Amino acid sequence: MSAPLLEVRGLGKRFSRNGRPVAALNGVSLNVAHCETLALVGPSGSGKSTLGHAILRLIEPDSGGISFEGQDLLALSGGRLRAARARLQMVFQDPQAAFNPRATVAGVIDDPLRIHGIGSRGERPGLIRKLLERVGLSPDLGERAVHEISGGQRQRVAIARAIATRPSLVVLDEAVSALDVSVRGDILTLLADLQREENIAYLFISHDLGVVRAVAHRVAIMDAGRVVEMGEARQVIADPQSATGKALVAAVPRLRCGISTENA
Amino acid sequence: MTIIHRFLKTPEGLAGALLLAAFVLVALAAPFFFPRDPLSIAGPALLRPFQDWSLPLGTDRLGRDVLAGIFHGARTSLAVSLAAAAASIAVGAIVGTLAGFGGGWTDEVLMRITDAFQTVPGFLLALAFVSVVGPSLGVVVAAIALSAWTGPARIARAEVLSIRERDYVASARVAGMHPLEIAFREVLPNALPPVLALASVIVAQAILVEAALSFLGLGDPNRVTWGGMIAEGRTVLRSAPFLSIVPGIALVLTVLGVYLAGEGAVETAAKRRSLA
């Protein structure tokens with residue numbers, strides 16, 4: 001493997017809460033390889049979402065460095081940063097809040113195509129239909145308002161918007177947590193298909209270890225703004241070394257196991 | 001349809017809608033009923049109302065038809081108030097959005113300018129502006145907008161401050177959208193409803209300011225205005241009080257109608273929110 005796709009080095013960010021500074025990120029270092037899914041897990045308030053936002057430059061970190069595709073991401077600004085965003089996308093947790101309440105389905109997918117100059121004005125409606133089909137939606141859905149469609153459909157539209165510019169990394173910030181369990185599986189399958197076909201790497205932020213075990217290649221466990229454990233997904237979940245990792249694994253409900261041991 | 005229905009069900013809304021409809025109809029019908037110049041002489045001077053049915057509301061000191069003046073004056077009031085409201089809401093919304101979305105120095109500078117305009121009494125500002133530039137319809141509109149844009153600016157800024165933290169604004173940034181496009185395409189349209197609620201207050205205020213300017217002789221001299229008619233009647237207030245009273249009543253009813261309609265709209269919006 002050559003240089004990693006994304007490399008985060010010693011990232012730090014302090015917020016002040018009630019006048020006291022709180023370290024949301026405290027020297028976080030990690031890297032993501034091409035076509036890899038790195039899951040970022042941790043209890044709430046551990047800084048995993050802050051890290052996701054910092055990688056997308058939605059929050060400015062105080063210290064440390066981020067390099068993406070060999071480029072120093074923190075050194076970019078203005079037009080060069082906006083151009084770089086084509087390769088680095090994000091899907092938000094709440095698909096309702098992530099769209100302008102006035103937007104139409106075609107409109108939200110058109111935005112990244114128009115901004116990054118993909119396709120002419122005449123070609124874009126066809127590209128939008130293709131993207132909708134790509135994420136398993138009817139191309140006729142484009143006319144509808146985003147608030148009219150279901151939560152699962154909305155998250156598929158969010159994924160279509162994210163992959164419209166052919167990014168190499170997508171940050172999934174609790175992207176399936178707000179969805180119905182029955183829909184969740186379909187979305188995870190879609191994400192896995194897209195990864196295989198389009199060579200996309202994911203930074204999969206989640207607190208659900210069951211989902212993480214299903215999709216992630218590697219896992220990084222965060223607590224209090226630092227990475228406390230990192231390794232192969234199976235290995236970390238089967239035998240966590242850190243206290244936080246043990247607590248997270250212990251918190252996964254195991255109803256069926258409990259019943260089977262009782263019967264044995 | 002249901003919103004209009006619910007609006008008309010509130011007593012304020014119904015009364016306001018009726019008064020406003022009458023006002024707009026009068027303004028639109030003026031050139032059909034009174035095709036002649038309302039400033040031209042139509043009969044004997046100082047004819048009392050209800051004496052001659054071809055001149056039902058009588059004539060003023062120069063023999064000009066009072067009813068024709070009321071009809072054509074409604075046109076001026078309507079044009080000035082709508083233009084002034086539109087201009088002040090447009091300017092206020094843009095300034096408020098830039099201040100709220102830009103933050104930092106942009107916000108400080110724009111809001112201090114807003115403060116400066118707010119500390120000067122609005123009417124004084126309009127008076128000074130018209131005295132310097134000279135009276136014409138466009139200048140009167142600009143003068144009224146000059147003092148009325150600060151309210152919409154403050155409300156738009158407050159809305160924008162809450163909207164800019166929403167996920168869809170972050171999502172637009174992730175898509176690589178230019179900050180100005182985010183401000184005006186994603187944020188401003190969602191910040192607009194509470195700003196538009198101010199429209200009725202501004203329209204009512206604009207009608208009164210325009211009348212007051214005309215009363216002081218600072219209106220457009222080539223147009224009939226209710227304020228100008230009241231001023232005209234003032235010199236013969238003892239002998240022919242109707243010359244000031246008739247346009248005064250028209251003014252009161254119109255402003256009342258605008259306020260009531262505004263109240264009705266607020267009431268409807270509140271009910272809708274409690275139902276949702």
# chains A, B, ... in the order shown; residues from 1 in each chain; ligands from 1

call {"tool": "interface_residues", "arguments": {"of": "chain B", "to": "chain A", "cutoff": "7 Å", "atoms": "only C-alpha atoms", "output": "PyMOL selection string"}}
result
chain B and resi 166-168+170-171+174-177+186

call {"tool": "select_by_dssp", "arguments": {"residues": "region 55-210 of chain B", "states": "strand (DSSP E or B)", "output": "PyMOL selection string"}}
result
chain B and resi 55+59+64-65

call {"tool": "select_by_dssp", "arguments": {"residues": "region 2-83 of chain B", "states": "helix (DSSP H, G or I)", "output": "count of residues only"}}
result
49

call {"tool": "residues_around", "arguments": {"residues": "Ala33 (chain A)", "least_positions_apart": "3", "cutoff": "9 Å", "atoms": "only C-alpha atoms", "output": "MDAnalysis selection string"}}
result
chainID A and resid 1:7 36:38 201

call {"tool": "residues_around", "arguments": {"residues": "Ala148 (chain B)", "least_positions_apart": "2", "cutoff": "10 Å", "atoms": "only C-alpha atoms", "output": "ChimeraX atom specification"}}
result
/B:84-85,87-89,91-92,117-118,122-123,126,142-146,150-153,201-203,205-206

call {"tool": "atom_distance", "arguments": {"atom1": "CA of Phe215 (chain B)", "atom2": "CA of Gln51 (chain B)"}}
result
27.3 Å

call {"tool": "atom_distance", "arguments": {"atom1": "CA of Gly27 (chain A)", "atom2": "CA of Asp223 (chain A)"}}
result
11.8 Å

call {"tool": "residues_around", "arguments": {"residues": "Leu216 (chain B)", "least_positions_apart": "5", "cutoff": "10 Å", "atoms": "only C-alpha atoms", "output": "PyMOL selection string"}}
result
chain B and resi 127+210-211+227-228+231
